[in-house]
Amino acid sequence: MSREQDTVAPAIDRDTAATGRMRLRGVVDEAWRDIVSGTSHAFMLMLILAALVGGLSAADLFSIRSIAQQVDRYIASGASTYVIEFKGRISGEACERLSSMDGVLASGALRSKNDKVASAVLPSASIPSLDATTGALGVFASSTRSGTVTLSTRDYDGIWLSSQAAQSVNASAGSQLALHAGGSVRIAGVFQYPDDGRSSNYQYVALSQVPVDANDFDQCVVKTWPVPDALQALLQSTVSSWPSDASQQPTISQLNATQGSKLDAVKAFRERQSALAPLVMLVIAFFIGFAVVRVRRLELASAMHCGEPKTALWLQMLLEALVWCCSAILVTLPLTIWAITHMDTGIIIASPTLVGILSRVPAAALAGVLAGVTLAMLVTRERDLFRYFKNR
């Protein structure tokens with residue numbers, strides 16, 4: 001008797017020979033013997049599949065992260081921050097209310113002041129001053145970030161300087177700035193405003209917090225993401241009164257137009273090449289499952305020739321495949337969880353949704369392996385035993 005027949009012979013008990021059926025326990029025992037004896041090559045297959053699942057999952061995750069970083073840079077550059085300017089005709093309350101709209105991260109109103117901040121150390125280079133609502137301070141406090149900043153009451157006590165203005169008078173957040181006219185003013189904060197293509201209007205300014213209950217502001221600054229489709233209408237809703245002269249219209253502009261007028265992150269996410277990772281995994285896993293069974297076709301045909309039902313053999317192959325396939329998925333699970341928790345992709349996709357996307361790769365692996373095993377069993381027939389033996 002051949003080695004393959006010796007392997008399957010113990011599973012063929014009297015019940016099988018008499019009834020043509022095999023007990024479930026016998027199937028499970030035979031599958032387990034194949035695994036522990038190395039007949040099914042479970043450990044090697046687990047490593048191969050784990051490498052494939054981990055690699056394709058990582059490729060998709062890094063692709064998503066790359067898109068998220070692109071969006072992060074776009075927002076942090078001020079490209080998704082818009083300014084509507086209409087001197088003396090912007091409602092502070094209407095501008096602040098925009099922050100409650102979908103897609104608006106922060107918003108606030110500004111107006112020019114006649115007086116400037118003249119420091120005692122550099123009186124000749126006085127700093128232009130702007131009145132700013134609390135929301136406007138929030139916009140500038142987060143000017144180089146993709147998110148928002150929560151300010152405390154203490155942050156409104158004093159003036160905010162742009163980084164260039166603070167550097168020129170050697171001031172820092174929390175310090176007192178001596179004034180040329182006498183006295184001093186507290187520096188409540190310093191906001192970063194790099195020279196990266198942004199509008200130069202706020203590059204050298206001082207901001208003072210004022211109440212929102214006025215309709216004579218000059219500008220409304222709105223930080224958005226994703227940029228609302230009806231952004232222009234939202235910005236125009238902050239105008240408190242429209243002049244009778246139709247030639248007088250507000251101007252709307254990007255804070256930084258050098259990064260392009262639009263970034264379609266949704267399109268980039270949908271069209272990323274790694275979106276095909278589950279399909280690639282499905283195809284590869286299918287061929288792995290098919291090959292695993294086909295290399296054992298002589299053994300399986302011999303078992304069927306000895307009276308073992310094909311259904312029992314199919315179930316046995318499925319059980320063996322489930323063991324090494326599920327083991328491969330479990331091996332990659334901790335790495336996937338770590339990557340999700342340590343890679344910031346929330347700006348374009350929430351973590352629960354990301355988990356669902358990445359779970360498609362291991363799900364495709366499992367489905368592909370089981371489908372390949374099933375098809376291979378269907379084309380493995382007892383009547384081909386001698387041909388298998390001849391071609392081995």
# chains A, B, ... in the order shown; residues from 1 in each chain; ligands from 1

$ select_by_dssp --residues "segment 238-285 of chain A" --states "helix (DSSP H, G or I)" --output "PyMOL selection string"
chain A and resi 265-270+273-285

$ write_last_selection --atoms "N, CA, C and O atoms" --output "mmCIF file, in the first residue's frame"
data_model
loop_
_atom_site.group_PDB
_atom_site.id
_atom_site.type_symbol
_atom_site.label_atom_id
_atom_site.label_comp_id
_atom_site.auth_asym_id
_atom_site.auth_seq_id
_atom_site.Cartn_x
_atom_site.Cartn_y
_atom_site.Cartn_z
ATOM 1 N N ALA A 265 -10.189 64.847 -2.228
ATOM 2 C CA ALA A 265 -9.679 63.714 -1.451
ATOM 3 C C ALA A 265 -10.539 62.477 -1.638
ATOM 4 O O ALA A 265 -10.033 61.353 -1.595
ATOM 5 N N VAL A 266 -11.838 62.673 -1.838
ATOM 6 C CA VAL A 266 -12.735 61.529 -2.031
ATOM 7 C C VAL A 266 -12.368 60.775 -3.302
ATOM 8 O O VAL A 266 -12.293 59.539 -3.321
ATOM 9 N N LYS A 267 -12.095 61.522 -4.363
ATOM 10 C CA LYS A 267 -11.705 60.893 -5.629
ATOM 11 C C LYS A 267 -10.366 60.188 -5.478
ATOM 12 O O LYS A 267 -10.183 59.062 -5.964
ATOM 13 N N ALA A 268 -9.415 60.829 -4.800
ATOM 14 C CA ALA A 268 -8.111 60.216 -4.591
ATOM 15 C C ALA A 268 -8.227 58.939 -3.776
ATOM 16 O O ALA A 268 -7.539 57.950 -4.041
ATOM 17 N N PHE A 269 -9.130 58.942 -2.793
ATOM 18 C CA PHE A 269 -9.326 57.757 -1.962
ATOM 19 C C PHE A 269 -9.947 56.619 -2.761
ATOM 20 O O PHE A 269 -9.505 55.471 -2.662
ATOM 21 N N ARG A 270 -10.942 56.937 -3.553
ATOM 22 C CA ARG A 270 -11.618 55.901 -4.335
ATOM 23 C C ARG A 270 -10.743 55.351 -5.449
ATOM 24 O O ARG A 270 -10.859 54.172 -5.807
ATOM 25 N N GLN A 273 -4.654 52.962 -6.032
ATOM 26 C CA GLN A 273 -4.357 51.650 -6.616
ATOM 27 C C GLN A 273 -4.510 50.531 -5.593
ATOM 28 O O GLN A 273 -4.893 49.413 -5.938
ATOM 29 N N SER A 274 -4.225 50.827 -4.333
ATOM 30 C CA SER A 274 -4.312 49.787 -3.303
ATOM 31 C C SER A 274 -5.742 49.374 -2.999
ATOM 32 O O SER A 274 -5.962 48.423 -2.240
ATOM 33 N N ALA A 275 -6.734 50.082 -3.584
ATOM 34 C CA ALA A 275 -8.122 49.672 -3.392
ATOM 35 C C ALA A 275 -8.378 48.293 -3.991
ATOM 36 O O ALA A 275 -9.347 47.620 -3.638
ATOM 37 N N LEU A 276 -7.480 47.867 -4.905
ATOM 38 C CA LEU A 276 -7.613 46.544 -5.528
ATOM 39 C C LEU A 276 -6.983 45.445 -4.679
ATOM 40 O O LEU A 276 -6.984 44.279 -5.084
ATOM 41 N N ALA A 277 -6.456 45.797 -3.518
ATOM 42 C CA ALA A 277 -5.779 44.806 -2.670
ATOM 43 C C ALA A 277 -6.676 43.614 -2.325
ATOM 44 O O ALA A 277 -6.213 42.465 -2.397
ATOM 45 N N PRO A 278 -7.947 43.817 -1.941
ATOM 46 C CA PRO A 278 -8.794 42.652 -1.652
ATOM 47 C C PRO A 278 -8.981 41.726 -2.859
ATOM 48 O O PRO A 278 -8.990 40.502 -2.705
ATOM 49 N N LEU A 279 -9.123 42.318 -4.057
ATOM 50 C CA LEU A 279 -9.291 41.506 -5.261
ATOM 51 C C LEU A 279 -8.022 40.715 -5.558
ATOM 52 O O LEU A 279 -8.083 39.523 -5.898
ATOM 53 N N VAL A 280 -6.876 41.367 -5.413
ATOM 54 C CA VAL A 280 -5.605 40.676 -5.620
ATOM 55 C C VAL A 280 -5.457 39.536 -4.617
ATOM 56 O O VAL A 280 -5.035 38.425 -4.966
ATOM 57 N N MET A 281 -5.828 39.812 -3.365
ATOM 58 C CA MET A 281 -5.734 38.788 -2.322
ATOM 59 C C MET A 281 -6.665 37.623 -2.619
ATOM 60 O O MET A 281 -6.298 36.459 -2.408
ATOM 61 N N LEU A 282 -7.855 37.922 -3.112
ATOM 62 C CA LEU A 282 -8.821 36.875 -3.436
ATOM 63 C C LEU A 282 -8.279 35.930 -4.502
ATOM 64 O O LEU A 282 -8.382 34.705 -4.373
ATOM 65 N N VAL A 283 -7.687 36.501 -5.539
ATOM 66 C CA VAL A 283 -7.158 35.684 -6.645
ATOM 67 C C VAL A 283 -5.983 34.828 -6.164
ATOM 68 O O VAL A 283 -5.922 33.616 -6.436
ATOM 69 N N ILE A 284 -5.052 35.459 -5.448
ATOM 70 C CA ILE A 284 -3.877 34.709 -4.971
ATOM 71 C C ILE A 284 -4.302 33.602 -4.013
ATOM 72 O O ILE A 284 -3.821 32.456 -4.107
ATOM 73 N N ALA A 285 -5.202 33.933 -3.088
ATOM 74 C CA ALA A 285 -5.652 32.936 -2.108
ATOM 75 C C ALA A 285 -6.390 31.795 -2.785
ATOM 76 O O ALA A 285 -6.276 30.633 -2.371
#

$ residues_around --residues "Phe62 of chain A" --least-positions-apart "3" --cutoff "12 Å" --atoms "only C-alpha atoms" --output "ChimeraX atom specification"
/A:54-59,65-69,269,272-275,336,339-340,342-345,354,358

$ residues_around --residues "segment 191-200 of chain A" --least-positions-apart "2" --cutoff "7 Å" --atoms "only C-alpha atoms" --output "ChimeraX atom specification"
/A:78,140-141,143-144,161-163,189,202-203,255-256,258

$ residues_around --residues "Ser172 of chain A" --least-positions-apart "3" --cutoff "10 Å" --atoms "only C-alpha atoms" --output "JSON list (two decimals) with N, CA and C atoms, in the first residue's frame"
[["chain", "number", "residue", "atom", "x", "y", "z"],
["A", 160, "TRP", "N", -2.88, 88.91, 20.55],
["A", 160, "TRP", "CA", -2.18, 87.83, 19.84],
["A", 160, "TRP", "C", -1.32, 88.47, 18.76],
["A", 161, "LEU", "N", -0.09, 88.01, 18.66],
["A", 161, "LEU", "CA", 0.83, 88.51, 17.64],
["A", 161, "LEU", "C", 1.14, 87.42, 16.62],
["A", 163, "SER", "N", 3.79, 85.43, 14.29],
["A", 163, "SER", "CA", 5.14, 85.01, 14.66],
["A", 163, "SER", "C", 6.18, 86.04, 14.21],
["A", 166, "ALA", "N", 5.92, 89.04, 16.63],
["A", 166, "ALA", "CA", 6.47, 88.68, 17.94],
["A", 166, "ALA", "C", 7.99, 88.64, 17.89],
["A", 167, "GLN", "N", 8.53, 88.15, 16.78],
["A", 167, "GLN", "CA", 9.98, 88.06, 16.66],
["A", 167, "GLN", "C", 10.61, 89.45, 16.58],
["A", 169, "VAL", "N", 9.69, 92.21, 18.00],
["A", 169, "VAL", "CA", 9.71, 92.90, 19.30],
["A", 169, "VAL", "C", 10.19, 91.98, 20.41],
["A", 175, "SER", "N", 4.14, 86.78, 28.02],
["A", 175, "SER", "CA", 5.00, 87.87, 28.47],
["A", 175, "SER", "C", 4.28, 89.22, 28.37],
["A", 176, "GLN", "N", 4.89, 90.23, 28.93],
["A", 176, "GLN", "CA", 4.36, 91.59, 28.87],
["A", 176, "GLN", "C", 5.18, 92.39, 27.86],
["A", 177, "LEU", "N", 4.48, 93.10, 27.00],
["A", 177, "LEU", "CA", 5.15, 93.93, 26.00],
["A", 177, "LEU", "C", 5.04, 95.38, 26.41],
["A", 186, "ARG", "N", -0.31, 92.49, 27.71],
["A", 186, "ARG", "CA", 0.04, 91.07, 27.82],
["A", 186, "ARG", "C", -0.05, 90.40, 26.45],
["A", 187, "ILE", "N", 0.92, 89.56, 26.15],
["A", 187, "ILE", "CA", 0.89, 88.76, 24.92],
["A", 187, "ILE", "C", 0.16, 87.46, 25.24],
["A", 188, "ALA", "N", -1.09, 87.36, 24.82],
["A", 188, "ALA", "CA", -1.90, 86.18, 25.14],
["A", 188, "ALA", "C", -1.46, 84.97, 24.32],
["A", 189, "GLY", "N", -0.95, 85.21, 23.13],
["A", 189, "GLY", "CA", -0.53, 84.10, 22.29],
["A", 189, "GLY", "C", 0.20, 84.58, 21.06],
["A", 190, "VAL", "N", 0.90, 83.66, 20.43],
["A", 190, "VAL", "CA", 1.61, 83.93, 19.18],
["A", 190, "VAL", "C", 1.18, 82.87, 18.18]]

$ residues_around --residues "Leu318 of chain A" --least-positions-apart "4" --cutoff "10 Å" --atoms "only C-alpha atoms" --output "PyMOL selection string"
chain A and resi 31+289+293+312-314+322-323+369-374+377

$ closest_residue --among "A:Leu333, A:Cys325, A:Ala214, A:Leu207" --to "Val355 of chain A" --atoms "only C-alpha atoms"
A:Leu333

$ residues_around --residues "segment 106-115 of chain A" --least-positions-apart "3" --cutoff "9 Å" --atoms "only C-alpha atoms" --output "tab-separated table (two decimals) with N, CA and C atoms, in the first residue's frame"
chain	number	residue	atom	x	y	z
A	87	LYS	N	-15.96	95.75	3.61
A	87	LYS	CA	-15.61	96.67	4.69
A	87	LYS	C	-16.85	97.23	5.39
A	88	GLY	N	-16.90	97.00	6.71
A	88	GLY	CA	-17.97	97.53	7.55
A	88	GLY	C	-19.31	96.85	7.37
A	90	ILE	N	-19.83	93.16	7.54
A	90	ILE	CA	-19.83	91.76	7.96
A	90	ILE	C	-20.40	91.63	9.37
A	91	SER	N	-21.34	90.72	9.53
A	91	SER	CA	-21.94	90.46	10.83
A	91	SER	C	-21.07	89.49	11.63
A	92	GLY	N	-20.65	89.94	12.82
A	92	GLY	CA	-19.83	89.08	13.67
A	92	GLY	C	-20.56	87.83	14.11
A	93	GLU	N	-21.82	87.97	14.47
A	93	GLU	CA	-22.61	86.82	14.93
A	93	GLU	C	-22.83	85.81	13.80
A	95	CYS	N	-21.01	85.40	11.17
A	95	CYS	CA	-19.74	84.77	10.84
A	95	CYS	C	-19.40	83.68	11.84
A	96	GLU	N	-19.58	83.95	13.12
A	96	GLU	CA	-19.28	82.95	14.16
A	96	GLU	C	-20.20	81.74	14.04
A	97	ARG	N	-21.45	81.96	13.62
A	97	ARG	CA	-22.40	80.85	13.52
A	97	ARG	C	-22.02	79.85	12.44
A	98	LEU	N	-21.20	80.26	11.49
A	98	LEU	CA	-20.80	79.35	10.42
A	98	LEU	C	-20.05	78.13	10.96
A	99	SER	N	-19.42	78.27	12.13
A	99	SER	CA	-18.65	77.16	12.69
A	99	SER	C	-19.52	75.97	13.06
A	100	SER	N	-20.83	76.17	13.14
A	100	SER	CA	-21.75	75.07	13.43
A	100	SER	C	-22.20	74.33	12.18
A	128	PRO	N	0.37	96.77	12.89
A	128	PRO	CA	-1.06	96.98	12.59
A	128	PRO	C	-1.93	96.11	13.49
A	129	SER	N	-3.06	96.68	13.92
A	129	SER	CA	-3.91	95.98	14.88
A	129	SER	C	-5.28	95.70	14.27
A	130	LEU	N	-5.81	94.51	14.59
A	130	LEU	CA	-7.13	94.10	14.12
A	130	LEU	C	-7.96	93.64	15.31
A	131	ASP	N	-9.24	94.00	15.28
A	131	ASP	CA	-10.19	93.41	16.23
A	131	ASP	C	-10.58	92.04	15.71
A	132	ALA	N	-10.67	91.08	16.60
A	132	ALA	CA	-10.98	89.71	16.20
A	132	ALA	C	-11.97	89.09	17.17
A	133	THR	N	-12.94	88.38	16.64
A	133	THR	CA	-13.86	87.63	17.50
A	133	THR	C	-13.15	86.36	17.99
A	134	THR	N	-13.76	85.69	18.95
A	134	THR	CA	-13.13	84.49	19.52
A	134	THR	C	-12.88	83.43	18.45
A	135	GLY	N	-13.81	83.31	17.52
A	135	GLY	CA	-13.64	82.32	16.46
A	135	GLY	C	-12.47	82.65	15.56
A	136	ALA	N	-12.25	83.93	15.28
A	136	ALA	CA	-11.13	84.34	14.44
A	136	ALA	C	-9.81	84.02	15.12
A	137	LEU	N	-9.73	84.22	16.45
A	137	LEU	CA	-8.53	83.84	17.17
A	137	LEU	C	-8.27	82.35	17.06
A	138	GLY	N	-9.37	81.57	17.09
A	138	GLY	CA	-9.22	80.12	16.94
A	138	GLY	C	-8.70	79.74	15.57
A	139	VAL	N	-9.14	80.45	14.53
A	139	VAL	CA	-8.67	80.17	13.17
A	139	VAL	C	-7.17	80.40	13.08
A	148	THR	N	-8.47	71.96	14.82
A	148	THR	CA	-8.81	73.20	15.50
A	148	THR	C	-8.12	73.24	16.86
A	207	LEU	N	-3.73	90.94	17.06
A	207	LEU	CA	-5.17	90.68	17.15
A	207	LEU	C	-5.65	90.91	18.57
A	212	VAL	N	-18.81	89.68	19.62
A	212	VAL	CA	-19.29	89.41	18.26
A	212	VAL	C	-20.53	90.22	17.91
A	216	ASP	N	-20.31	95.58	11.96
A	216	ASP	CA	-19.41	96.47	11.22
A	216	ASP	C	-18.02	95.87	11.04
A	217	PHE	N	-17.94	94.55	10.98
A	217	PHE	CA	-16.66	93.92	10.73
A	217	PHE	C	-16.33	94.00	9.24
A	218	ASP	N	-15.04	93.84	8.94
A	218	ASP	CA	-14.57	93.97	7.56
A	218	ASP	C	-14.41	92.62	6.86
A	219	GLN	N	-14.09	91.58	7.63
A	219	GLN	CA	-13.77	90.29	7.03
A	219	GLN	C	-14.35	89.16	7.88
A	220	CYS	N	-14.60	88.06	7.21
A	220	CYS	CA	-14.98	86.82	7.89
A	220	CYS	C	-14.04	85.73	7.37
A	221	VAL	N	-13.29	85.14	8.30
A	221	VAL	CA	-12.31	84.11	7.95
A	221	VAL	C	-12.91	82.75	8.32
A	222	VAL	N	-12.93	81.82	7.36
A	222	VAL	CA	-13.58	80.53	7.56
A	222	VAL	C	-12.61	79.40	7.19
A	223	LYS	N	-12.33	78.55	8.16
A	223	LYS	CA	-11.47	77.38	7.94
A	223	LYS	C	-12.37	76.17	7.72
A	224	THR	N	-12.19	75.49	6.60
A	224	THR	CA	-13.12	74.42	6.22
A	224	THR	C	-12.41	73.10	5.94

$ residues_around --residues "Gln259 of chain A" --least-positions-apart "2" --cutoff "12 Å" --atoms "only C-alpha atoms" --output "NGL selection string"
:A and (70-71 or 73-81 or 196-198 or 254-257 or 261-263)

$ write_last_selection --atoms "all heavy atoms" --output "short mmCIF file (atom, residue, chain, number, x, y, z; two decimals), in the first residue's frame"
data_model
loop_
_atom_site.label_atom_id
_atom_site.label_comp_id
_atom_site.auth_asym_id
_atom_site.auth_seq_id
_atom_site.Cartn_x
_atom_site.Cartn_y
_atom_site.Cartn_z
N GLN A 70 -1.61 64.26 2.62
CA GLN A 70 -1.79 65.27 1.58
C GLN A 70 -2.89 66.25 1.96
O GLN A 70 -2.75 67.46 1.80
CB GLN A 70 -2.11 64.59 0.25
CG GLN A 70 -2.24 65.55 -0.93
CD GLN A 70 -2.62 64.84 -2.22
OE1 GLN A 70 -2.83 63.63 -2.24
NE2 GLN A 70 -2.72 65.59 -3.30
N VAL A 71 -3.99 65.70 2.49
CA VAL A 71 -5.09 66.55 2.94
C VAL A 71 -4.64 67.41 4.11
O VAL A 71 -4.96 68.61 4.20
CB VAL A 71 -6.30 65.68 3.33
CG1 VAL A 71 -7.39 66.54 3.99
CG2 VAL A 71 -6.86 64.98 2.11
N ARG A 73 -1.66 68.51 4.84
CA ARG A 73 -0.81 69.62 4.36
C ARG A 73 -1.64 70.69 3.68
O ARG A 73 -1.36 71.89 3.80
CB ARG A 73 0.26 69.08 3.41
CG ARG A 73 1.33 68.24 4.08
CD ARG A 73 2.49 67.97 3.13
NE ARG A 73 2.07 67.18 1.97
CZ ARG A 73 2.12 65.87 1.92
NH1 ARG A 73 2.55 65.17 2.96
NH2 ARG A 73 1.74 65.22 0.83
N TYR A 74 -2.66 70.26 2.95
CA TYR A 74 -3.51 71.21 2.22
C TYR A 74 -4.25 72.13 3.21
O TYR A 74 -4.28 73.35 3.03
CB TYR A 74 -4.51 70.43 1.37
CG TYR A 74 -5.35 71.28 0.44
CD1 TYR A 74 -4.84 71.71 -0.78
CD2 TYR A 74 -6.66 71.63 0.77
CE1 TYR A 74 -5.60 72.48 -1.64
CE2 TYR A 74 -7.43 72.39 -0.09
CZ TYR A 74 -6.90 72.82 -1.29
OH TYR A 74 -7.66 73.59 -2.15
N ILE A 75 -4.81 71.54 4.26
CA ILE A 75 -5.54 72.34 5.24
C ILE A 75 -4.58 73.23 6.02
O ILE A 75 -4.84 74.42 6.24
CB ILE A 75 -6.32 71.43 6.21
CG1 ILE A 75 -7.33 70.58 5.44
CG2 ILE A 75 -7.03 72.26 7.26
CD1 ILE A 75 -8.01 69.53 6.30
N ALA A 76 -3.45 72.64 6.46
CA ALA A 76 -2.49 73.39 7.27
C ALA A 76 -1.86 74.55 6.50
O ALA A 76 -1.43 75.53 7.11
CB ALA A 76 -1.40 72.46 7.77
N SER A 77 -1.83 74.46 5.18
CA SER A 77 -1.26 75.55 4.38
C SER A 77 -2.21 76.73 4.25
O SER A 77 -1.80 77.79 3.76
CB SER A 77 -0.92 75.03 2.98
OG SER A 77 -2.10 74.79 2.23
N GLY A 78 -3.46 76.57 4.67
CA GLY A 78 -4.44 77.64 4.54
C GLY A 78 -5.20 77.60 3.23
O GLY A 78 -6.00 78.50 2.95
N ALA A 79 -5.00 76.54 2.45
CA ALA A 79 -5.67 76.45 1.15
C ALA A 79 -7.17 76.23 1.29
O ALA A 79 -7.93 76.58 0.39
CB ALA A 79 -5.06 75.33 0.32
N SER A 80 -7.61 75.64 2.40
CA SER A 80 -9.05 75.43 2.60
C SER A 80 -9.64 76.47 3.54
O SER A 80 -10.75 76.30 4.05
CB SER A 80 -9.29 74.03 3.17
OG SER A 80 -8.77 73.91 4.48
N THR A 81 -8.89 77.55 3.78
CA THR A 81 -9.39 78.68 4.57
C THR A 81 -9.76 79.81 3.61
O THR A 81 -8.96 80.19 2.75
CB THR A 81 -8.33 79.17 5.56
OG1 THR A 81 -8.00 78.11 6.46
CG2 THR A 81 -8.85 80.34 6.37
N ASP A 196 4.49 80.95 3.01
CA ASP A 196 4.38 79.80 2.10
C ASP A 196 3.35 80.03 1.00
O ASP A 196 2.80 79.09 0.45
CB ASP A 196 4.03 78.53 2.88
CG ASP A 196 2.74 78.68 3.69
OD1 ASP A 196 2.13 79.78 3.66
OD2 ASP A 196 2.32 77.70 4.33
N GLY A 197 3.12 81.29 0.69
CA GLY A 197 2.15 81.63 -0.34
C GLY A 197 0.85 82.17 0.22
O GLY A 197 -0.05 82.54 -0.55
N ARG A 198 0.72 82.25 1.52
CA ARG A 198 -0.50 82.80 2.12
C ARG A 198 -0.60 84.29 1.85
O ARG A 198 0.39 84.96 1.56
CB ARG A 198 -0.49 82.59 3.64
CG ARG A 198 -0.38 81.14 4.07
CD ARG A 198 -0.08 81.06 5.56
NE ARG A 198 0.34 79.72 5.92
CZ ARG A 198 -0.35 78.91 6.69
NH1 ARG A 198 -1.49 79.31 7.20
NH2 ARG A 198 0.10 77.70 6.98
N GLN A 254 -9.14 82.63 -1.33
CA GLN A 254 -8.46 81.64 -0.50
C GLN A 254 -7.35 82.33 0.29
O GLN A 254 -6.71 83.25 -0.19
CB GLN A 254 -7.82 80.56 -1.37
CG GLN A 254 -8.73 79.46 -1.87
CD GLN A 254 -7.97 78.49 -2.74
OE1 GLN A 254 -7.78 78.75 -3.92
NE2 GLN A 254 -7.54 77.37 -2.16
N LEU A 255 -7.14 81.84 1.51
CA LEU A 255 -6.03 82.38 2.28
C LEU A 255 -4.70 82.04 1.61
O LEU A 255 -3.75 82.83 1.64
CB LEU A 255 -6.06 81.82 3.71
CG LEU A 255 -5.09 82.45 4.70
CD1 LEU A 255 -5.44 83.92 4.92
CD2 LEU A 255 -5.10 81.69 6.02
N ASN A 256 -4.63 80.86 0.98
CA ASN A 256 -3.43 80.43 0.26
C ASN A 256 -3.86 79.75 -1.03
O ASN A 256 -4.35 78.63 -1.01
CB ASN A 256 -2.60 79.48 1.13
CG ASN A 256 -1.25 79.16 0.50
OD1 ASN A 256 -1.01 79.43 -0.67
ND2 ASN A 256 -0.37 78.58 1.28
N ALA A 257 -3.66 80.44 -2.13
CA ALA A 257 -4.10 79.92 -3.43
C ALA A 257 -3.02 79.14 -4.15
O ALA A 257 -3.25 78.63 -5.25
CB ALA A 257 -4.58 81.07 -4.31
N SER A 261 -7.00 75.34 -6.21
CA SER A 261 -8.31 75.79 -5.76
C SER A 261 -9.14 74.67 -5.16
O SER A 261 -10.13 74.93 -4.47
CB SER A 261 -9.09 76.41 -6.93
OG SER A 261 -9.25 75.46 -7.98
N LYS A 262 -8.74 73.41 -5.42
CA LYS A 262 -9.55 72.29 -4.92
C LYS A 262 -8.68 71.05 -4.77
O LYS A 262 -7.79 70.79 -5.57
CB LYS A 262 -10.70 72.01 -5.90
CG LYS A 262 -11.68 70.95 -5.43
CD LYS A 262 -12.81 70.77 -6.43
CE LYS A 262 -13.80 69.72 -5.94
NZ LYS A 262 -14.91 69.51 -6.92
N LEU A 263 -8.97 70.29 -3.72
CA LEU A 263 -8.33 68.99 -3.51
C LEU A 263 -9.44 67.97 -3.32
O LEU A 263 -10.15 68.00 -2.32
CB LEU A 263 -7.42 69.02 -2.27
CG LEU A 263 -6.79 67.68 -1.88
CD1 LEU A 263 -5.89 67.17 -3.00
CD2 LEU A 263 -6.01 67.81 -0.58
#

$ closest_residue --among "A:His41, A:Arg383, A:Arg360, A:Arg23" --to "Val292 of chain A" --atoms "only C-alpha atoms"
A:His41

$ atom_distance --atom1 "atom CA of Trp324 of chain A" --atom2 "atom CA of Ala42 of chain A"
5.3 Å

$ closest_residue --among "A:Val210, A:Asp72, A:Ser351, A:Gln248" --to "Ile337 of chain A" --atoms "only C-alpha atoms"
A:Ser351

$ select_by_dssp --residues "segment 146-344 of chain A" --states "strand (DSSP E)" --output "PyMOL selection string"
chain A and resi 159-162+176-178+184-191+206-209+217-224+251-254

$ closest_residue --among "A:Pro228, A:Gly158, A:Gly174, A:Gly182" --to "Gly103 of chain A" --atoms "only C-alpha atoms"
A:Pro228
